[in-house]
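model30.txt, holding compact mmCIF, C-alpha atoms:
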# COMPACT_ATOMS: atom_id res chain seq x y z
CA MET M 1 116.12 116.07 88.83
CA TYR M 2 115.31 114.29 92.06
CA GLY M 3 115.14 110.51 91.87
CA VAL M 4 112.42 110.09 94.48
CA ILE M 5 110.03 112.61 96.00
CA THR M 6 107.67 111.68 98.82
CA LEU M 7 104.66 113.71 99.89
CA ALA M 8 103.99 113.15 103.55
CA THR M 9 102.18 114.58 106.52
CA SER M 10 100.30 112.88 109.30
CA LYS M 11 97.07 114.71 108.47
CA GLY M 12 94.64 113.92 105.68
CA GLY M 13 92.89 116.34 103.39
CA VAL M 14 95.80 118.72 102.89
CA GLY M 15 96.17 118.15 99.14
CA LYS M 16 98.97 115.57 99.07
CA SER M 17 97.46 113.63 96.18
CA SER M 18 96.54 116.74 94.17
CA LEU M 19 100.01 118.20 94.61
CA GLY M 20 101.70 114.88 93.82
CA ARG M 21 99.70 114.34 90.65
CA SER M 22 100.12 117.99 89.64
CA LEU M 23 103.89 117.88 90.05
CA ALA M 24 104.05 114.60 88.11
CA ALA M 25 101.95 116.17 85.34
CA HIS M 26 104.13 119.27 85.26
CA TRP M 27 107.37 117.33 84.94
CA PHE M 28 105.76 114.95 82.45
CA THR M 29 104.78 117.87 80.20
CA VAL M 30 108.33 119.25 80.24
CA GLY M 31 109.80 115.93 79.21
CA HIS M 32 110.66 114.04 82.40
CA LYS M 33 109.71 110.40 82.84
CA ALA M 34 107.72 110.83 86.04
CA ALA M 35 105.98 107.95 87.82
CA LEU M 36 103.60 107.86 90.76
CA ILE M 37 103.32 105.45 93.67
CA ASP M 38 99.97 105.58 95.43
CA ALA M 39 100.78 104.45 98.97
CA ASP M 40 97.58 105.90 100.40
CA PRO M 41 94.88 103.31 101.22
CA GLN M 42 92.35 105.84 99.89
CA ARG M 43 93.84 105.15 96.38
CA THR M 44 93.03 108.69 95.22
CA LEU M 45 95.58 108.52 92.40
CA ALA M 46 95.15 104.88 91.43
CA ASN M 47 91.35 105.06 91.28
CA ARG M 48 91.42 107.78 88.62
CA TYR M 49 94.39 106.55 86.64
CA ASP M 50 93.64 105.90 82.99
CA PRO M 51 96.55 104.19 81.21
CA LYS M 52 95.06 105.24 77.85
CA GLY M 53 94.39 108.81 78.98
CA ARG M 54 96.42 111.99 78.64
CA MET M 55 98.46 111.12 81.72
CA GLY M 56 98.83 107.49 80.75
CA GLY M 57 102.54 108.10 80.30
CA VAL M 58 102.88 108.61 84.03
CA PRO M 59 102.40 105.11 85.46
CA VAL M 60 100.70 104.74 88.83
CA VAL M 61 101.66 101.85 91.08
CA ALA M 62 99.12 101.32 93.84
CA GLU M 63 99.31 100.01 97.37
CA PRO M 64 102.96 98.99 97.63
CA GLU M 65 102.37 98.43 101.35
CA GLU M 66 105.58 97.62 103.20
CA ARG M 67 107.37 96.68 99.97
CA VAL M 68 107.45 100.37 99.12
CA GLY M 69 111.25 100.50 99.22
CA GLU M 70 111.57 97.74 96.63
CA VAL M 71 108.87 99.29 94.42
CA ILE M 72 110.69 102.63 94.53
CA GLU M 73 114.00 101.01 93.58
CA GLU M 74 112.36 99.17 90.72
CA LEU M 75 110.65 102.28 89.33
CA ARG M 76 113.62 104.58 89.69
CA ARG M 77 115.57 102.46 87.19
CA LYS M 78 113.35 103.84 84.42
CA HIS M 79 111.67 106.91 85.89
CA ALA M 80 112.60 110.22 87.46
CA PRO M 81 111.11 111.60 89.49
CA VAL M 82 109.28 108.78 91.24
CA ILE M 83 106.66 110.60 93.31
CA VAL M 84 105.17 108.79 96.31
CA ASP M 85 101.80 109.82 97.74
CA THR M 86 101.35 108.57 101.29
CA ALA M 87 98.45 108.11 103.72
CA GLY M 88 97.23 110.92 105.95
CA PHE M 89 98.52 109.16 109.04
CA ARG M 90 101.87 107.89 110.19
CA ASN M 91 102.50 104.29 109.15
CA ARG M 92 105.32 101.96 108.14
CA THR M 93 104.81 102.53 104.43
CA THR M 94 105.30 106.27 104.87
CA ILE M 95 108.45 105.70 106.92
CA GLY M 96 109.69 103.21 104.30
CA ALA M 97 109.08 105.72 101.51
CA LEU M 98 110.83 108.51 103.42
CA VAL M 99 113.88 106.33 104.03
CA ALA M 100 114.18 105.84 100.26
CA THR M 101 113.42 109.41 99.22
CA ASP M 102 115.64 112.27 98.10
CA LEU M 103 113.12 115.02 98.83
CA ALA M 104 110.17 115.07 101.21
CA ILE M 105 107.37 117.53 100.56
CA ILE M 106 105.12 118.36 103.50
CA PRO M 107 101.91 119.99 102.27
CA LEU M 108 99.77 121.91 104.74
CA LYS M 109 96.73 124.11 104.67
CA PRO M 110 96.92 127.34 106.65
CA ALA M 111 95.28 125.82 109.75
CA VAL M 112 96.65 124.99 113.17
CA GLU M 113 95.99 121.22 112.88
CA ASP M 114 97.91 121.12 109.62
CA VAL M 115 100.81 123.06 111.12
CA ASP M 116 101.00 120.59 114.03
CA ALA M 117 100.99 117.64 111.63
CA ALA M 118 103.59 119.29 109.39
CA ILE M 119 105.95 119.88 112.30
CA ALA M 120 105.46 116.30 113.54
CA THR M 121 106.30 115.03 110.05
CA TYR M 122 109.35 117.29 109.90
CA GLU M 123 110.53 115.77 113.19
CA LEU M 124 109.93 112.27 111.83
CA ILE M 125 112.15 113.08 108.85
CA ARG M 126 114.77 114.44 111.19
CA GLU M 127 114.71 111.09 113.04
CA ILE M 128 114.97 109.21 109.74
CA ASN M 129 117.99 111.30 108.83
CA GLU M 130 119.64 110.11 112.02
CA THR M 131 119.35 106.42 111.04
CA ASP M 132 122.32 104.50 109.63
CA GLU M 133 120.38 104.13 106.37
CA ARG M 134 120.53 107.90 105.76
CA GLN M 135 123.95 108.71 107.16
CA GLY M 136 125.68 111.25 104.94
CA ARG M 137 122.72 111.70 102.64
CA ALA M 138 119.98 113.50 104.51
CA VAL M 139 116.48 113.68 103.08
CA LYS M 140 115.81 117.23 101.98
CA VAL M 141 112.50 118.63 103.09
CA ALA M 142 110.19 121.43 102.01
CA MET M 143 106.82 122.50 103.37
CA VAL M 144 104.26 123.82 100.89
CA LEU M 145 101.12 125.79 101.72
CA THR M 146 98.10 124.36 99.93
CA MET M 147 94.50 125.45 99.34
CA THR M 148 95.36 128.99 100.37
CA MET M 149 93.18 132.01 99.68
CA ARG M 150 95.26 134.89 98.38
CA GLY M 151 95.84 137.64 100.91
CA THR M 152 94.18 136.02 103.94
CA VAL M 153 95.46 136.87 107.40
CA ILE M 154 95.66 133.23 108.50
CA ALA M 155 97.86 132.23 105.54
CA ARG M 156 100.19 135.12 106.25
CA HIS M 157 100.24 134.28 109.95
CA VAL M 158 101.08 130.60 109.35
CA ARG M 159 103.79 131.58 106.87
CA ASP M 160 105.33 134.07 109.31
CA GLN M 161 105.27 131.59 112.19
CA LEU M 162 106.83 128.73 110.23
CA THR M 163 109.52 130.76 108.51
CA GLY M 164 110.20 132.64 111.75
CA ALA M 165 110.81 129.31 113.49
CA GLY M 166 113.21 128.25 110.73
CA TYR M 167 111.05 125.67 108.96
CA PRO M 168 111.69 125.26 105.23
CA LEU M 169 108.48 126.69 103.77
CA LEU M 170 108.42 127.35 100.04
CA LYS M 171 107.54 130.84 98.84
CA ALA M 172 105.38 129.32 96.11
CA GLU M 173 101.93 128.15 97.15
CA MET M 174 99.24 125.88 95.79
CA LEU M 175 96.33 128.29 95.84
CA ASN M 176 92.77 127.08 96.25
CA ARG M 177 91.55 126.75 92.68
CA VAL M 178 88.71 124.78 91.11
CA ALA M 179 91.09 123.63 88.38
CA TYR M 180 92.39 120.83 90.65
CA PRO M 181 89.12 119.04 91.43
CA GLU M 182 87.86 119.67 87.89
CA ALA M 183 90.94 118.08 86.35
CA GLY M 184 90.91 115.39 89.05
CA ILE M 185 87.56 114.04 87.80
CA GLU M 186 89.47 112.45 84.93
CA GLY M 187 92.59 111.78 86.96
CA LEU M 188 94.35 114.72 85.30
CA SER M 189 95.99 117.93 86.45
CA PRO M 190 95.98 121.59 85.44
CA SER M 191 99.31 121.29 83.59
CA ILE M 192 97.61 118.82 81.21
CA ILE M 193 94.15 120.40 80.92
CA ASP M 194 95.11 124.07 80.87
CA PRO M 195 98.90 124.45 80.75
CA ASP M 196 98.69 128.24 80.49
CA GLY M 197 96.20 128.62 83.33
CA ALA M 198 96.82 130.04 86.78
CA ALA M 199 96.86 126.65 88.54
CA ALA M 200 99.46 125.26 86.11
CA ARG M 201 101.57 128.36 86.75
CA ASP M 202 101.29 127.84 90.52
CA ILE M 203 102.52 124.27 90.14
CA ALA M 204 105.34 125.34 87.84
CA ALA M 205 106.44 127.85 90.49
CA VAL M 206 106.40 125.15 93.18
CA ALA M 207 108.37 122.79 90.92
CA GLN M 208 110.90 125.46 90.06
CA GLU M 209 111.48 126.31 93.71
CA LEU M 210 111.84 122.64 94.60
CA MET M 211 114.54 122.25 91.96
CA LYS M 212 116.49 125.10 93.51
CA LEU M 213 116.56 123.21 96.82
CA GLU M 214 118.95 120.64 95.45
CA ASN M 215 122.00 122.25 96.91
CA HIS M 216 120.37 123.34 100.11
CA GLU M 217 120.64 121.44 103.34
CA PHE M 218 117.87 121.90 105.85
CA MET M 219 118.80 119.06 108.15
CA LYS M 220 122.30 120.11 109.02
CA ASP M 221 122.15 118.93 112.62
CA ALA M 222 120.74 115.54 111.73
CA ALA M 223 123.07 114.95 108.78
CA ALA M 224 126.23 115.84 110.67
CA MET E 1 119.47 94.70 107.24
CA THR E 2 117.52 97.42 109.06
CA SER E 3 119.42 99.55 111.55
CA LYS E 4 118.33 99.60 115.20
CA LYS E 5 117.15 103.18 114.97
CA LEU E 6 115.06 102.61 111.85
CA GLY E 7 113.70 99.38 113.33
CA ALA E 8 112.52 101.31 116.38
CA LEU E 9 110.87 103.93 114.17
CA LEU E 10 109.07 101.26 112.15
CA ARG E 11 107.89 99.45 115.27
CA SER E 12 106.43 102.71 116.58
CA ALA E 13 104.10 103.00 113.58
CA PRO E 14 101.08 100.92 112.55
CA PRO E 15 101.25 98.72 109.43
CA ALA E 16 100.90 100.02 105.94
CA THR E 17 97.18 100.48 105.65
CA ALA E 18 94.31 101.26 107.93
CA ARG E 19 92.37 98.48 106.25
CA ALA E 20 94.98 95.93 107.25
CA GLU E 21 94.22 96.35 110.92
CA ALA E 22 90.71 97.72 111.13
CA PRO E 23 89.72 97.28 114.76
CA GLU E 24 86.60 95.46 115.89
CA LEU E 25 83.48 97.51 116.34
CA PRO E 26 83.80 99.32 119.66
CA GLN E 27 81.45 98.44 122.50
CA ALA E 28 80.62 102.05 123.27
CA VAL E 29 80.62 105.16 121.18
CA ALA E 30 82.56 108.11 122.57
CA VAL E 31 80.54 111.30 122.47
CA PRO E 32 82.10 114.74 122.91
CA ALA E 33 80.95 116.46 126.09
CA PRO E 34 78.23 119.05 125.47
CA THR E 35 79.67 122.53 125.65
CA SER E 36 76.62 124.30 126.95
CA GLU E 37 73.33 123.65 128.68
CA ARG E 38 71.58 124.36 125.41
CA SER E 39 73.38 121.51 123.71
CA GLN E 40 72.49 118.93 126.41
CA PRO E 41 70.25 116.24 124.97
CA ARG E 42 66.99 116.18 126.86
CA PRO E 43 66.25 112.96 128.76
CA ALA E 44 63.21 112.22 126.63
CA ALA E 45 61.49 108.91 126.03
CA GLU E 46 63.14 106.45 123.64
CA PRO E 47 61.95 106.99 120.09
CA PRO E 48 60.07 104.16 118.41
CA ALA E 49 62.36 101.14 118.00
CA GLN E 50 61.43 100.45 114.40
CA GLU E 51 61.50 104.05 113.13
CA ARG E 52 61.75 104.18 109.38
CA GLU E 53 65.16 105.22 108.06
CA VAL E 54 65.50 107.69 105.20
CA PRO E 55 68.50 108.61 103.03
CA LEU E 56 70.58 111.73 103.64
CA GLN E 57 72.85 112.87 100.84
CA VAL E 58 75.05 115.95 101.15
CA LEU E 59 77.93 117.45 99.18
CA ILE E 60 80.98 118.11 101.32
CA PRO E 61 84.59 119.10 100.55
CA GLU E 62 86.60 116.19 99.17
CA GLY E 63 89.29 116.57 101.83
CA ILE E 64 86.78 116.27 104.65
CA ARG E 65 85.22 113.24 103.00
CA ARG E 66 88.64 111.62 102.75
CA GLN E 67 89.38 112.32 106.42
CA LEU E 68 86.02 110.84 107.38
CA GLY E 69 86.82 107.70 105.41
CA VAL E 70 90.21 107.34 107.08
CA LYS E 71 88.73 107.95 110.55
CA ALA E 72 86.02 105.37 109.90
CA ALA E 73 88.61 102.83 108.75
CA GLN E 74 90.89 103.53 111.70
CA GLU E 75 88.09 103.22 114.23
CA GLY E 76 86.27 100.36 112.54
CA ARG E 77 83.07 102.37 112.44
CA SER E 78 80.77 103.21 109.57
CA LEU E 79 80.37 106.72 108.14
CA ARG E 80 76.79 106.56 109.33
CA GLU E 81 77.93 106.00 112.92
CA LEU E 82 80.37 108.91 112.74
CA VAL E 83 77.74 111.25 111.31
CA LEU E 84 75.09 110.27 113.88
CA THR E 85 77.62 110.68 116.71
CA ALA E 86 78.41 114.17 115.45
CA VAL E 87 74.69 114.95 115.15
CA ARG E 88 74.18 113.90 118.77
CA SER E 89 76.96 116.25 119.90
CA LEU E 90 74.86 119.10 118.45
CA GLY E 91 72.17 118.31 121.01
CA ILE E 92 69.86 116.34 118.75
CA GLU E 93 68.51 113.25 120.42
CA VAL E 94 70.11 110.13 118.98
CA THR E 95 70.15 106.84 120.90
CA GLU E 96 72.94 104.25 120.96
CA ALA E 97 70.64 101.85 119.14
CA GLN E 98 70.05 104.41 116.40
CA ILE E 99 73.78 105.00 116.05
CA LYS E 100 74.48 101.30 115.77
CA GLY E 101 71.53 100.78 113.42
CA LYS E 102 70.81 97.47 111.75
CA ARG E 103 74.47 96.49 111.76
CA GLY E 104 74.58 96.80 115.55
CA GLN E 105 71.41 94.74 115.93
CA LYS E 106 72.84 91.93 113.82
CA SER E 107 76.12 91.76 115.71
CA ALA E 108 74.47 91.99 119.11

Re-express the file's structure as structure tokens.
Amino acid sequence: MYGVITLATSKGGVGKSSLGRSLAAHWFTVGHKAALIDADPQRTLANRYDPKGRMGGVPVVAEPEERVGEVIEELRRKHAPVIVDTAGFRNRTTIGALVATDLAIIPLKPAVEDVDAAIATYELIREINETDERQGRAVKVAMVLTMTMRGTVIARHVRDQLTGAGYPLLKAEMLNRVAYPEAGIEGLSPSIIDPDGAAARDIAAVAQELMKLENHEFMKDAAA
Amino acid sequence: MTSKKLGALLRSAPPATARAEAPELPQAVAVPAPTSERSQPRPAAEPPAQEREVPLQVLIPEGIRRQLGVKAAQEGRSLRELVLTAVRSLGIEVTEAQIKGKRGQKSA
């Protein structure tokens, strides 16, 4: 299991928080001690967190600001994975989280603005991998398509373009399903509310593919 | 101790939160250029200064709402200002005073 996973992209509204909470819920239900850090000033995760609720076992630490590195280190002593949700714009907290992360997930909708932001974030991670702090232990990175409609031309086009250019796009997708906002009302996720449902299966597929990345190395040039 | 390279990366980015450095209210509001003659606002007379204001409530996708909130925080403008600016770009007549609203009058 990864120690730290950071969801990052310089664009808002791509489903970072939903994916982060859903992955935490998935791993929580299969027995991992997941924790969440809400480093997004919007506080999407923290605002809906109910310590007495069904996801109360997944603690949420809000607004670590520029102490994010210390907060991650503190949490990772007792939790894995520690999942960090970041703001929809580039800032020091996001960079701090990425420096401390094992895996970066870049969510994107099948839209040109999201693709631009995803590529910019990928390049940022490449730069981070070139710092002394990450020498010899490059951050792994995976892009994930979110809010997709099955079988649409634009989703297929974006997938073809990104994979054709060599970007690490997961085969699994987070399809556009009402289960996410419905579960989100109570700060929950499909894996908790309806573990056998289609949305929970989507998330399980994403999680499974992410676990297979552990021995892959996308940033060969930067890590050399 | 932060390496030079990481230090440079951190210096290139704004602080942790948009709230931490919300800019002052801008003097002028940027308006996208009209794309066609049809969308040009007509140079009509100023509407009444004390026109009554009414509520407008709409349901929009959560992601768009979040982006609006971030944009408002980053630019130090209210959601109302952003919405009225967008409305004006559609060709509907909206004055600067109407965009600024009561908040603008107080700070002026």

Contacts of region 161-169 of chain M at 6 Å (only C-alpha atoms; same-chain gap of 6+ positions) as a count of residues only: 3

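From CA of Ile60 (chain E) back to CA of Thr6 (chain M), the distance works out to 27.6 Å.
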
Distance-based interface of chain M with chain E, 9 Å, counting all atoms listed in the file, as a count of residues only: 32

8 Å contact set for Thr146 (chain M), all atoms listed in the file, chain neighbours under 4 positions out, as a ChimeraX atom specification: /M:14-15,107-110,173-176

Residue contacts of region 44-58 of chain M (7 Å, all atoms listed in the file) excluding same-chain residues fewer than 5 positions away, as a ChimeraX atom specification: /M:17,34-36,38,186-188

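One distance worth recording is that between CA of Pro190 (chain M) and CA of Glu74 (chain M), which is 28.3 Å.
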
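Interatomic distance, CA of Met147 (chain M) against CA of Pro195 (chain M): 19.1 Å.
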
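Within the 12 Å cut-off around Arg177 (chain M), using all atoms listed in the file and omitting residues fewer than 4 positions from it on the same chain, the listed residues are Gly15, Ser18, Thr146, Met147, Thr148, Met149, Arg150, Glu173, Pro181, Glu182, Ala183, Gly184, Ser189, Pro190, Gly197, Ala198, Ala199, Ala200, Arg201, Asp202 and Ile203 of chain M.
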
Dump of C-alpha atoms for the selected residues, as an mmCIF file, in the coordinates of the input:
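Dumped to again-v9.cif:
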data_model
loop_
_atom_site.group_PDB
_atom_site.id
_atom_site.type_symbol
_atom_site.label_atom_id
_atom_site.label_comp_id
_atom_site.auth_asym_id
_atom_site.auth_seq_id
_atom_site.Cartn_x
_atom_site.Cartn_y
_atom_site.Cartn_z
ATOM 1 C CA GLY M 15 96.170 118.150 99.140
ATOM 2 C CA SER M 18 96.540 116.740 94.170
ATOM 3 C CA THR M 146 98.100 124.360 99.930
ATOM 4 C CA MET M 147 94.500 125.450 99.340
ATOM 5 C CA THR M 148 95.360 128.990 100.370
ATOM 6 C CA MET M 149 93.180 132.010 99.680
ATOM 7 C CA ARG M 150 95.260 134.890 98.380
ATOM 8 C CA GLU M 173 101.930 128.150 97.150
ATOM 9 C CA PRO M 181 89.120 119.040 91.430
ATOM 10 C CA GLU M 182 87.860 119.670 87.890
ATOM 11 C CA ALA M 183 90.940 118.080 86.350
ATOM 12 C CA GLY M 184 90.910 115.390 89.050
ATOM 13 C CA SER M 189 95.990 117.930 86.450
ATOM 14 C CA PRO M 190 95.980 121.590 85.440
ATOM 15 C CA GLY M 197 96.200 128.620 83.330
ATOM 16 C CA ALA M 198 96.820 130.040 86.780
ATOM 17 C CA ALA M 199 96.860 126.650 88.540
ATOM 18 C CA ALA M 200 99.460 125.260 86.110
ATOM 19 C CA ARG M 201 101.570 128.360 86.750
ATOM 20 C CA ASP M 202 101.290 127.840 90.520
ATOM 21 C CA ILE M 203 102.520 124.270 90.140
#

Residues within 12 Å of Ala80 (chain M), only C-alpha atoms, excluding chain neighbours under 4 positions, as an MDAnalysis selection string: chainID M and resid 1:5 23:24 27:28 31:36 58:59 72:76 84 101:102

Would you mind putting back N, CA and C atoms on region 46-81 of chain E, then writing it out as a PDB file, in the frame of the given file?
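Saved the output as result_37.pdb:
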ATOM      1  N   GLU E  46      62.490 107.070 124.792  1.00  0.00           N
ATOM      2  CA  GLU E  46      63.140 106.450 123.640  1.00  0.00           C
ATOM      3  C   GLU E  46      62.240 106.588 122.414  1.00  0.00           C
ATOM      4  N   PRO E  47      62.778 106.945 121.275  1.00  0.00           N
ATOM      5  CA  PRO E  47      61.950 106.990 120.090  1.00  0.00           C
ATOM      6  C   PRO E  47      61.523 105.581 119.674  1.00  0.00           C
ATOM      7  N   PRO E  48      60.544 105.484 118.806  1.00  0.00           N
ATOM      8  CA  PRO E  48      60.070 104.160 118.410  1.00  0.00           C
ATOM      9  C   PRO E  48      61.235 103.301 117.911  1.00  0.00           C
ATOM     10  N   ALA E  49      61.234 102.027 118.319  1.00  0.00           N
ATOM     11  CA  ALA E  49      62.360 101.140 118.000  1.00  0.00           C
ATOM     12  C   ALA E  49      62.497 100.922 116.494  1.00  0.00           C
ATOM     13  N   GLN E  50      61.373 100.786 115.817  1.00  0.00           N
ATOM     14  CA  GLN E  50      61.430 100.450 114.400  1.00  0.00           C
ATOM     15  C   GLN E  50      61.193 101.674 113.525  1.00  0.00           C
ATOM     16  N   GLU E  51      61.716 102.838 113.916  1.00  0.00           N
ATOM     17  CA  GLU E  51      61.500 104.050 113.130  1.00  0.00           C
ATOM     18  C   GLU E  51      62.088 103.879 111.732  1.00  0.00           C
ATOM     19  N   ARG E  52      61.320 104.323 110.769  1.00  0.00           N
ATOM     20  CA  ARG E  52      61.750 104.180 109.380  1.00  0.00           C
ATOM     21  C   ARG E  52      63.020 105.006 109.139  1.00  0.00           C
ATOM     22  N   GLU E  53      63.939 104.470 108.374  1.00  0.00           N
ATOM     23  CA  GLU E  53      65.160 105.220 108.060  1.00  0.00           C
ATOM     24  C   GLU E  53      65.057 105.797 106.650  1.00  0.00           C
ATOM     25  N   VAL E  54      65.570 107.014 106.499  1.00  0.00           N
ATOM     26  CA  VAL E  54      65.500 107.690 105.200  1.00  0.00           C
ATOM     27  C   VAL E  54      66.904 108.114 104.773  1.00  0.00           C
ATOM     28  N   PRO E  55      67.141 108.244 103.477  1.00  0.00           N
ATOM     29  CA  PRO E  55      68.500 108.610 103.030  1.00  0.00           C
ATOM     30  C   PRO E  55      68.818 110.078 103.282  1.00  0.00           C
ATOM     31  N   LEU E  56      70.089 110.354 103.500  1.00  0.00           N
ATOM     32  CA  LEU E  56      70.580 111.730 103.640  1.00  0.00           C
ATOM     33  C   LEU E  56      71.800 111.845 102.743  1.00  0.00           C
ATOM     34  N   GLN E  57      71.711 112.721 101.753  1.00  0.00           N
ATOM     35  CA  GLN E  57      72.850 112.870 100.840  1.00  0.00           C
ATOM     36  C   GLN E  57      73.298 114.332 100.842  1.00  0.00           C
ATOM     37  N   VAL E  58      74.557 114.572 101.125  1.00  0.00           N
ATOM     38  CA  VAL E  58      75.050 115.950 101.150  1.00  0.00           C
ATOM     39  C   VAL E  58      76.361 116.031 100.367  1.00  0.00           C
ATOM     40  N   LEU E  59      76.641 117.206  99.836  1.00  0.00           N
ATOM     41  CA  LEU E  59      77.930 117.450  99.180  1.00  0.00           C
ATOM     42  C   LEU E  59      78.851 118.114 100.185  1.00  0.00           C
ATOM     43  N   ILE E  60      80.008 117.530 100.377  1.00  0.00           N
ATOM     44  CA  ILE E  60      80.980 118.110 101.320  1.00  0.00           C
ATOM     45  C   ILE E  60      82.344 118.184 100.639  1.00  0.00           C
ATOM     46  N   PRO E  61      83.268 119.009 101.160  1.00  0.00           N
ATOM     47  CA  PRO E  61      84.590 119.100 100.550  1.00  0.00           C
ATOM     48  C   PRO E  61      85.283 117.728 100.505  1.00  0.00           C
ATOM     49  N   GLU E  62      85.964 117.489  99.402  1.00  0.00           N
ATOM     50  CA  GLU E  62      86.600 116.190  99.170  1.00  0.00           C
ATOM     51  C   GLU E  62      87.563 115.817 100.300  1.00  0.00           C
ATOM     52  N   GLY E  63      88.296 116.832 100.782  1.00  0.00           N
ATOM     53  CA  GLY E  63      89.290 116.570 101.830  1.00  0.00           C
ATOM     54  C   GLY E  63      88.640 116.081 103.109  1.00  0.00           C
ATOM     55  N   ILE E  64      87.493 116.680 103.441  1.00  0.00           N
ATOM     56  CA  ILE E  64      86.780 116.270 104.650  1.00  0.00           C
ATOM     57  C   ILE E  64      86.235 114.857 104.473  1.00  0.00           C
ATOM     58  N   ARG E  65      85.740 114.582 103.281  1.00  0.00           N
ATOM     59  CA  ARG E  65      85.220 113.240 103.000  1.00  0.00           C
ATOM     60  C   ARG E  65      86.327 112.198 103.137  1.00  0.00           C
ATOM     61  N   ARG E  66      87.515 112.559 102.671  1.00  0.00           N
ATOM     62  CA  ARG E  66      88.640 111.620 102.750  1.00  0.00           C
ATOM     63  C   ARG E  66      89.014 111.371 104.214  1.00  0.00           C
ATOM     64  N   GLN E  67      89.037 112.467 104.994  1.00  0.00           N
ATOM     65  CA  GLN E  67      89.380 112.320 106.420  1.00  0.00           C
ATOM     66  C   GLN E  67      88.345 111.459 107.135  1.00  0.00           C
ATOM     67  N   LEU E  68      87.078 111.656 106.769  1.00  0.00           N
ATOM     68  CA  LEU E  68      86.020 110.840 107.380  1.00  0.00           C
ATOM     69  C   LEU E  68      86.233 109.363 107.075  1.00  0.00           C
ATOM     70  N   GLY E  69      86.584 109.085 105.818  1.00  0.00           N
ATOM     71  CA  GLY E  69      86.820 107.700 105.410  1.00  0.00           C
ATOM     72  C   GLY E  69      87.971 107.077 106.189  1.00  0.00           C
ATOM     73  N   VAL E  70      89.037 107.846 106.356  1.00  0.00           N
ATOM     74  CA  VAL E  70      90.210 107.340 107.080  1.00  0.00           C
ATOM     75  C   VAL E  70      89.843 107.102 108.543  1.00  0.00           C
ATOM     76  N   LYS E  71      89.119 108.076 109.129  1.00  0.00           N
ATOM     77  CA  LYS E  71      88.730 107.950 110.550  1.00  0.00           C
ATOM     78  C   LYS E  71      87.840 106.709 110.737  1.00  0.00           C
ATOM     79  N   ALA E  72      86.912 106.527 109.807  1.00  0.00           N
ATOM     80  CA  ALA E  72      86.020 105.370 109.900  1.00  0.00           C
ATOM     81  C   ALA E  72      86.820 104.070 109.828  1.00  0.00           C
ATOM     82  N   ALA E  73      87.792 104.043 108.904  1.00  0.00           N
ATOM     83  CA  ALA E  73      88.610 102.830 108.750  1.00  0.00           C
ATOM     84  C   ALA E  73      89.454 102.588 109.998  1.00  0.00           C
ATOM     85  N   GLN E  74      90.017 103.664 110.525  1.00  0.00           N
ATOM     86  CA  GLN E  74      90.890 103.530 111.700  1.00  0.00           C
ATOM     87  C   GLN E  74      90.111 103.069 112.917  1.00  0.00           C
ATOM     88  N   GLU E  75      88.865 103.544 113.044  1.00  0.00           N
ATOM     89  CA  GLU E  75      88.090 103.220 114.230  1.00  0.00           C
ATOM     90  C   GLU E  75      87.162 102.021 114.034  1.00  0.00           C
ATOM     91  N   GLY E  76      87.141 101.507 112.806  1.00  0.00           N
ATOM     92  CA  GLY E  76      86.270 100.360 112.540  1.00  0.00           C
ATOM     93  C   GLY E  76      84.807 100.704 112.671  1.00  0.00           C
ATOM     94  N   ARG E  77      84.468 101.957 112.356  1.00  0.00           N
ATOM     95  CA  ARG E  77      83.070 102.370 112.440  1.00  0.00           C
ATOM     96  C   ARG E  77      82.604 102.803 111.056  1.00  0.00           C
ATOM     97  N   SER E  78      81.293 102.802 110.870  1.00  0.00           N
ATOM     98  CA  SER E  78      80.770 103.210 109.570  1.00  0.00           C
ATOM     99  C   SER E  78      80.665 104.739 109.519  1.00  0.00           C
ATOM    100  N   LEU E  79      80.570 105.272 108.304  1.00  0.00           N
ATOM    101  CA  LEU E  79      80.370 106.720 108.140  1.00  0.00           C
ATOM    102  C   LEU E  79      79.086 107.151 108.828  1.00  0.00           C
ATOM    103  N   ARG E  80      78.090 106.266 108.717  1.00  0.00           N
ATOM    104  CA  ARG E  80      76.790 106.560 109.330  1.00  0.00           C
ATOM    105  C   ARG E  80      76.941 106.760 110.838  1.00  0.00           C
ATOM    106  N   GLU E  81      77.709 105.889 111.472  1.00  0.00           N
ATOM    107  CA  GLU E  81      77.930 106.000 112.920  1.00  0.00           C
ATOM    108  C   GLU E  81      78.631 107.318 113.257  1.00  0.00           C
TER     109      GLU E  81
END
